[in-house]
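Heads up, the thing below is written out as structure tokens.
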Amino acid sequence: MDEGRSDLATLVDLREVDETQVAVVGGKAAHLGVLSRIDGVRVPAGICVTTTAFRRALAQTPSVDEFLDQLSRLGPDDREAIGALSAEIRRSIEKTPIPGDLVTAITGALAGFGEEAAYAVRSSATAEDSPTASFAGQQDTYLNVVGPEAVLRHVSRCWASLFTERAVVYRLRNGVDHRAVQMAVVVQQMVFPDAAGILFTADPVSGDRRVATVDASFGLGEALVSGLVNPDVFTVRDDEVVTTAVAAKQRAVVAVSGGGTREVAIDPQRQEQPALTEAQVVRLVRLGRRIEAHFGRPQDIEWCLVDDDFLIVQSRPITTLFPVPPASDQENHVYLSVGHQQMMTDAMRPLGLSMWQLTAMAPMLEAGGRLFVDAIRLLASPGRAGFLEMVGKSDPLMRDALQTLLDRPGFVPTTPVDDGGPARLPTGGASVETDPAIVTELVERNEASLAALRRDIATVTGTALFDFLLEAFEEHKRILAEPLNMQAIMAGMEATWWLNDRLYEWLGEKNAADTLTLSAPGNITSEMGLALLDVADQIRPHPEVVAFLRGVEDDGFLDELPKLPGGAAARDAIEAYLDRYGMRCVGEIDITRPRWSERPSTLVPVILDNVRLFEPGAARWRFEQGQQQARQKAQEVLTRLRALPDGEQKADETERMIDRVRTFVGYREYPKYGIVSRYFVYKQALLDEAERLVRAGVLTEREDVFYLTFQEFHEVVRSHQLDDDLIRQRTDAFRSYQALTPPRVMTSDGEVLTGAYRRDDVPAGALIGVPVSAGTVEGRARVILDMAQADLEAGDILVTAHTDPSWTPLFVGIAGLVTEVGGLMTHGAVIAREYGLPAVVSVLDATRLIRDGQRIRVHGSDGYVEILP
């Protein structure tokens, strides 16, 4: 091999690299190379030992391959095995001599800096400092490395640090293949600073992009990073230092003559002096804004101060910030999470996002794999009070967050905003009569429209399918916006609120409507849960079927069932259930999620729980029991009302409202059922189209289309061309979005507003939420994030992040419900009342604060949860 070509392949000057060379120099070096060319930004000079050198070193260490095979089979929680294997890999790499030509190249490159120059030797992995994952602190940095021999030793250590236990676990948790990550090494001239620290160009806690924070300490930044000292903290907004917290900095880390670093004590008279002046802080933030503008996203920047001049030694994206929805202007905006309203805060794939945008009743913006609506116009409108009241009934934390924003002068305009969109909430207009025939008519209209959709969509393919679907989406929205539909929905909700408010005022009854709505007719979601009890009745008498179902591992089990005694009847029962409800699934607003019909094994654990926990006929018995409790409650409140002053009038009004709530409250669940039914028809047609693209060699897998928007999918069908890199980029982005927690409320500045419960009527230590279904229950908490992993016993209390209608089959077997998301009229709350389950929703961090197996007490009438000893 030509030595010149070898040098070119293994070494490069930092000033010559950029972000297009991440695969060669790693993320850190690529960023440093770009930084060095930004006007006004000083970066210490240095070289990069490229990934080519790393691969050559590994090629001389054959044992690493075997170790990597073993490592890939481990889970992130196998800490003991990971520790042992990663230590073996590091030892093997560090023992392997660096190739002679590489030694010559490195020592030759360093000669220009002086024989005994000092360096910072830093890892630069190809997966780090990316827009979606920083990998911060996962590999090693060595400071004040003096002389070429020491540099060579530390290059080997940096290579080995790719396999520290923390780095291996990080990759396993983030789904990164160990072999896909390569290691380059940055060797830079050492900087001996007066002060050092970190600059965040956006507030890392609130997310506010207009607020920068500066952490500063004396000496090397290592004292701050290692937690040796509390730093001075400055916050800057609009070129002004708005807060300063000066810490007592008792120690610092400094370079030692001859190499290495050590801790030293700070002169007591200097300990409480700020490490930076305010003028220096503002100057540093301006420098950070220049870097942020160049990279196009908020940055986490490591800086050093030398003789009143700033040097930048690292800059990486702040990957923990939730992205801000795009805006076409510079005005203030207030974004509300759609997922918190729809009980599905998980990230969605591009096809799911675009399909919901095309079929939604209001304009929706995408950020971080989630959807948001801009509420600025409603907040600035004369109808703001009604909007806040509606939001409060759905999600009190969201309402409190909005009120916090409204209390700030200047953010929300005092005059209405004219952006061409609706300035009021959609309602049904005039009230509707209490007539069950109205619900029947609405259901029949929807069923007829759905039947027409199924019939007509079967006749179109190719680009014609997409034109057809755009027309179908208009029909979809027309049905939802139909005045009678909105009137029926609002009638049930308003009757519920009326009963709760009046009966509390007149009788002191909290949440009386919870009992009065038990087993209300026509609730498609509660019927779905009870229907699975009927399926269990068909399976329970056949022990061989039950035993077979316990071993089910894939979705082909329905074809095997008829081979067993009683299996044909069991299959018929399951398939009949899927015919009626198979379009549902967890996260059903995302069209890309697998439906029960596509993955029927999802239902098997719930069916087996029903077989084990219930007696035959449980569905009918539970429904009739609910009806009886509702009748008894109605008689009780009417009798008590008649004993009051003006009692007959109050009783008559209440009786009419009870009749009204039982007529309409069940219909509250039907429109969502209709939406999801239509979605399944859309999805089947789109997947058929994707299958044609697979056969034509355009797609590798049909599910690749999930990472395209509807419009992009249409274009691929038209052109028969697809950029495979786009699918990879979207897949990586989706994975990164899954790790983010979406905010309830976010401003156009990126500030996340969580909201708070302002209550003093709960016991100390209790977890506060929203009371949505009356009663108190004590039991074992089962913290379940995946419905398919449910393993419930009678009396258990389900604790989960959020519940959409697909969770309903679990509700028949639990004693209570706690969720992190939800409100009075969201699906989980409605079904909890239907089944008589005490429930508290919108409990912040419930799945983290409550441990699986703990005993808890749920106060469904008062809205809090106690964790019991």
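Following the order of the structure tokens, chains are lettered A, B, ..., residues in each are numbered from 1, and ligands are numbered from 1.
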Counting only C-alpha atoms, what is within 12 Å of region 546-563 of chain A, bar same-chain residues fewer than 3 positions away, as a PyMOL selection string? chain A and resi 536-543+566-575+578+594-612+788
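Once Ala279 (chain A) and its same-chain neighbours fewer than 2 positions away are set aside, Asp239, Glu240, Val241, Leu276, Thr277, Val281, Val282, Arg283 and Leu284 of chain A remain within 10 Å of it when counting only C-alpha atoms.
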Selected residues written out with all heavy atoms, as a PDB file, in the first residue's frame:
ATOM      1  N   ASP A 239     -30.336  38.744  24.727  1.00  0.00           N
ATOM      2  CA  ASP A 239     -29.076  39.440  25.003  1.00  0.00           C
ATOM      3  C   ASP A 239     -29.022  40.091  26.387  1.00  0.00           C
ATOM      4  O   ASP A 239     -28.242  41.022  26.603  1.00  0.00           O
ATOM      5  CB  ASP A 239     -28.805  40.514  23.933  1.00  0.00           C
ATOM      6  CG  ASP A 239     -28.021  39.953  22.755  1.00  0.00           C
ATOM      7  OD1 ASP A 239     -27.614  38.776  22.820  1.00  0.00           O
ATOM      8  OD2 ASP A 239     -27.819  40.683  21.771  1.00  0.00           O
ATOM      9  N   GLU A 240     -29.796  39.576  27.300  1.00  0.00           N
ATOM     10  CA  GLU A 240     -29.786  40.114  28.661  1.00  0.00           C
ATOM     11  C   GLU A 240     -29.718  38.967  29.660  1.00  0.00           C
ATOM     12  O   GLU A 240     -30.473  37.984  29.543  1.00  0.00           O
ATOM     13  CB  GLU A 240     -31.043  40.952  28.915  1.00  0.00           C
ATOM     14  CG  GLU A 240     -31.095  41.546  30.310  1.00  0.00           C
ATOM     15  CD  GLU A 240     -32.386  42.308  30.562  1.00  0.00           C
ATOM     16  OE1 GLU A 240     -33.163  42.488  29.600  1.00  0.00           O
ATOM     17  OE2 GLU A 240     -32.628  42.711  31.715  1.00  0.00           O
ATOM     18  N   VAL A 241     -28.793  39.077  30.628  1.00  0.00           N
ATOM     19  CA  VAL A 241     -28.720  38.079  31.687  1.00  0.00           C
ATOM     20  C   VAL A 241     -29.914  38.301  32.614  1.00  0.00           C
ATOM     21  O   VAL A 241     -30.031  39.352  33.252  1.00  0.00           O
ATOM     22  CB  VAL A 241     -27.398  38.185  32.474  1.00  0.00           C
ATOM     23  CG1 VAL A 241     -27.382  37.179  33.624  1.00  0.00           C
ATOM     24  CG2 VAL A 241     -26.213  37.959  31.553  1.00  0.00           C
ATOM     25  N   LEU A 276     -17.540  33.949  35.211  1.00  0.00           N
ATOM     26  CA  LEU A 276     -17.645  34.821  34.039  1.00  0.00           C
ATOM     27  C   LEU A 276     -18.292  36.137  34.452  1.00  0.00           C
ATOM     28  O   LEU A 276     -19.147  36.170  35.356  1.00  0.00           O
ATOM     29  CB  LEU A 276     -18.505  34.180  32.944  1.00  0.00           C
ATOM     30  CG  LEU A 276     -18.026  32.881  32.297  1.00  0.00           C
ATOM     31  CD1 LEU A 276     -19.081  32.389  31.302  1.00  0.00           C
ATOM     32  CD2 LEU A 276     -16.687  33.061  31.608  1.00  0.00           C
ATOM     33  N   THR A 277     -17.953  37.212  33.758  1.00  0.00           N
ATOM     34  CA  THR A 277     -18.688  38.459  33.928  1.00  0.00           C
ATOM     35  C   THR A 277     -19.959  38.396  33.084  1.00  0.00           C
ATOM     36  O   THR A 277     -20.074  37.573  32.162  1.00  0.00           O
ATOM     37  CB  THR A 277     -17.853  39.665  33.466  1.00  0.00           C
ATOM     38  OG1 THR A 277     -17.652  39.564  32.042  1.00  0.00           O
ATOM     39  CG2 THR A 277     -16.502  39.698  34.179  1.00  0.00           C
ATOM     40  N   VAL A 281     -20.726  36.468  29.527  1.00  0.00           N
ATOM     41  CA  VAL A 281     -21.846  35.547  29.345  1.00  0.00           C
ATOM     42  C   VAL A 281     -22.632  35.918  28.099  1.00  0.00           C
ATOM     43  O   VAL A 281     -22.954  35.054  27.255  1.00  0.00           O
ATOM     44  CB  VAL A 281     -22.764  35.551  30.589  1.00  0.00           C
ATOM     45  CG1 VAL A 281     -24.056  34.798  30.300  1.00  0.00           C
ATOM     46  CG2 VAL A 281     -22.047  34.942  31.789  1.00  0.00           C
ATOM     47  N   VAL A 282     -22.961  37.211  27.948  1.00  0.00           N
ATOM     48  CA  VAL A 282     -23.731  37.648  26.777  1.00  0.00           C
ATOM     49  C   VAL A 282     -22.941  37.392  25.501  1.00  0.00           C
ATOM     50  O   VAL A 282     -23.492  36.933  24.486  1.00  0.00           O
ATOM     51  CB  VAL A 282     -24.106  39.139  26.909  1.00  0.00           C
ATOM     52  CG1 VAL A 282     -24.697  39.661  25.595  1.00  0.00           C
ATOM     53  CG2 VAL A 282     -25.097  39.333  28.055  1.00  0.00           C
ATOM     54  N   ARG A 283     -21.634  37.650  25.543  1.00  0.00           N
ATOM     55  CA  ARG A 283     -20.790  37.412  24.366  1.00  0.00           C
ATOM     56  C   ARG A 283     -20.760  35.928  24.005  1.00  0.00           C
ATOM     57  O   ARG A 283     -20.813  35.548  22.822  1.00  0.00           O
ATOM     58  CB  ARG A 283     -19.378  37.938  24.647  1.00  0.00           C
ATOM     59  CG  ARG A 283     -18.392  37.812  23.509  1.00  0.00           C
ATOM     60  CD  ARG A 283     -17.314  38.908  23.578  1.00  0.00           C
ATOM     61  NE  ARG A 283     -16.723  39.018  24.890  1.00  0.00           N
ATOM     62  CZ  ARG A 283     -15.626  38.377  25.286  1.00  0.00           C
ATOM     63  NH1 ARG A 283     -15.009  37.560  24.443  1.00  0.00           N
ATOM     64  NH2 ARG A 283     -15.129  38.565  26.494  1.00  0.00           N
ATOM     65  N   LEU A 284     -20.676  35.074  25.019  1.00  0.00           N
ATOM     66  CA  LEU A 284     -20.673  33.634  24.782  1.00  0.00           C
ATOM     67  C   LEU A 284     -21.994  33.179  24.165  1.00  0.00           C
ATOM     68  O   LEU A 284     -22.009  32.362  23.231  1.00  0.00           O
ATOM     69  CB  LEU A 284     -20.420  32.893  26.096  1.00  0.00           C
ATOM     70  CG  LEU A 284     -20.511  31.362  26.055  1.00  0.00           C
ATOM     71  CD1 LEU A 284     -19.483  30.787  25.089  1.00  0.00           C
ATOM     72  CD2 LEU A 284     -20.316  30.785  27.462  1.00  0.00           C
TER      73      LEU A 284
END
Excluding Thr345 (chain A) and residues on its chain fewer than 2 positions from it, collect all residues at most 9 Å away from it, counting only C-alpha atoms, and give them as a PyMOL selection string. chain A and resi 337-343+347-348+370+587+741-742+801-802+821
If you run DSSP on the backbone, which residues of region 91-250 of chain A are strand (DSSP E), as a VMD selection string? chain A and resid 118 to 125 141 to 146 183 to 189 195 to 200 211 to 218 232 to 237 240 to 245
If you count only C-alpha atoms, which residues fall within 8 Å of Ala245 (chain A), apart from same-chain ones fewer than 4 positions away, as a ChimeraX atom specification? /A:232-234
Write the residues of the selection above to a file with N, CA and C atoms, as a compact mmCIF listing (two decimals), in the first residue's frame.
# COMPACT_ATOMS: atom_id res chain seq x y z
N ASP A 232 -21.59 27.97 38.45
CA ASP A 232 -22.39 29.18 38.32
C ASP A 232 -23.37 28.94 37.16
N VAL A 233 -24.58 29.43 37.33
CA VAL A 233 -25.59 29.24 36.28
C VAL A 233 -26.17 30.60 35.91
N PHE A 234 -26.09 30.93 34.62
CA PHE A 234 -26.63 32.17 34.10
C PHE A 234 -27.71 31.84 33.08
(Q) Using DSSP secondary structure from the backbone, list all alpha helix (DSSP H) positions within region 353-432 of chain A, as a PyMOL selection string. (A) chain A and resi 353-359+376-379+384-394+396-406
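Using only C-alpha atoms, the residues found no farther than 9 Å from Arg171 (chain A), other than those of its own chain fewer than 5 positions away, are Pro76, Phe135, Arg166, Val176, Asp177 and His178 of chain A.
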Restrict the selected residues to N, CA, C and O atoms and save them as a compact mmCIF listing (two decimals), in the first residue's frame.
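File produced: selection25.txt:
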# COMPACT_ATOMS: atom_id res chain seq x y z
N PRO A 76 -30.36 -5.31 27.26
CA PRO A 76 -29.73 -4.19 27.97
C PRO A 76 -29.70 -4.36 29.49
O PRO A 76 -28.94 -3.67 30.17
N PHE A 135 -25.39 10.42 22.29
CA PHE A 135 -24.43 9.46 22.84
C PHE A 135 -23.43 10.15 23.77
O PHE A 135 -22.30 9.72 23.93
N ARG A 166 -21.26 1.24 29.70
CA ARG A 166 -22.32 2.24 29.52
C ARG A 166 -22.61 2.46 28.03
O ARG A 166 -23.77 2.66 27.64
N VAL A 176 -29.17 0.26 18.41
CA VAL A 176 -28.04 0.51 17.51
C VAL A 176 -27.15 -0.73 17.46
O VAL A 176 -26.71 -1.23 18.49
N ASP A 177 -26.89 -1.23 16.24
CA ASP A 177 -26.04 -2.40 16.04
C ASP A 177 -24.60 -2.05 16.43
O ASP A 177 -24.04 -1.05 15.98
N HIS A 178 -23.98 -2.90 17.25
CA HIS A 178 -22.60 -2.64 17.68
C HIS A 178 -21.65 -2.54 16.50
O HIS A 178 -20.70 -1.74 16.51
In terms of only C-alpha atoms, the residue from A:Gly352, A:Gly462, A:Gly522, A:Gly755 at minimal distance from Val716 (chain A) is A:Gly462
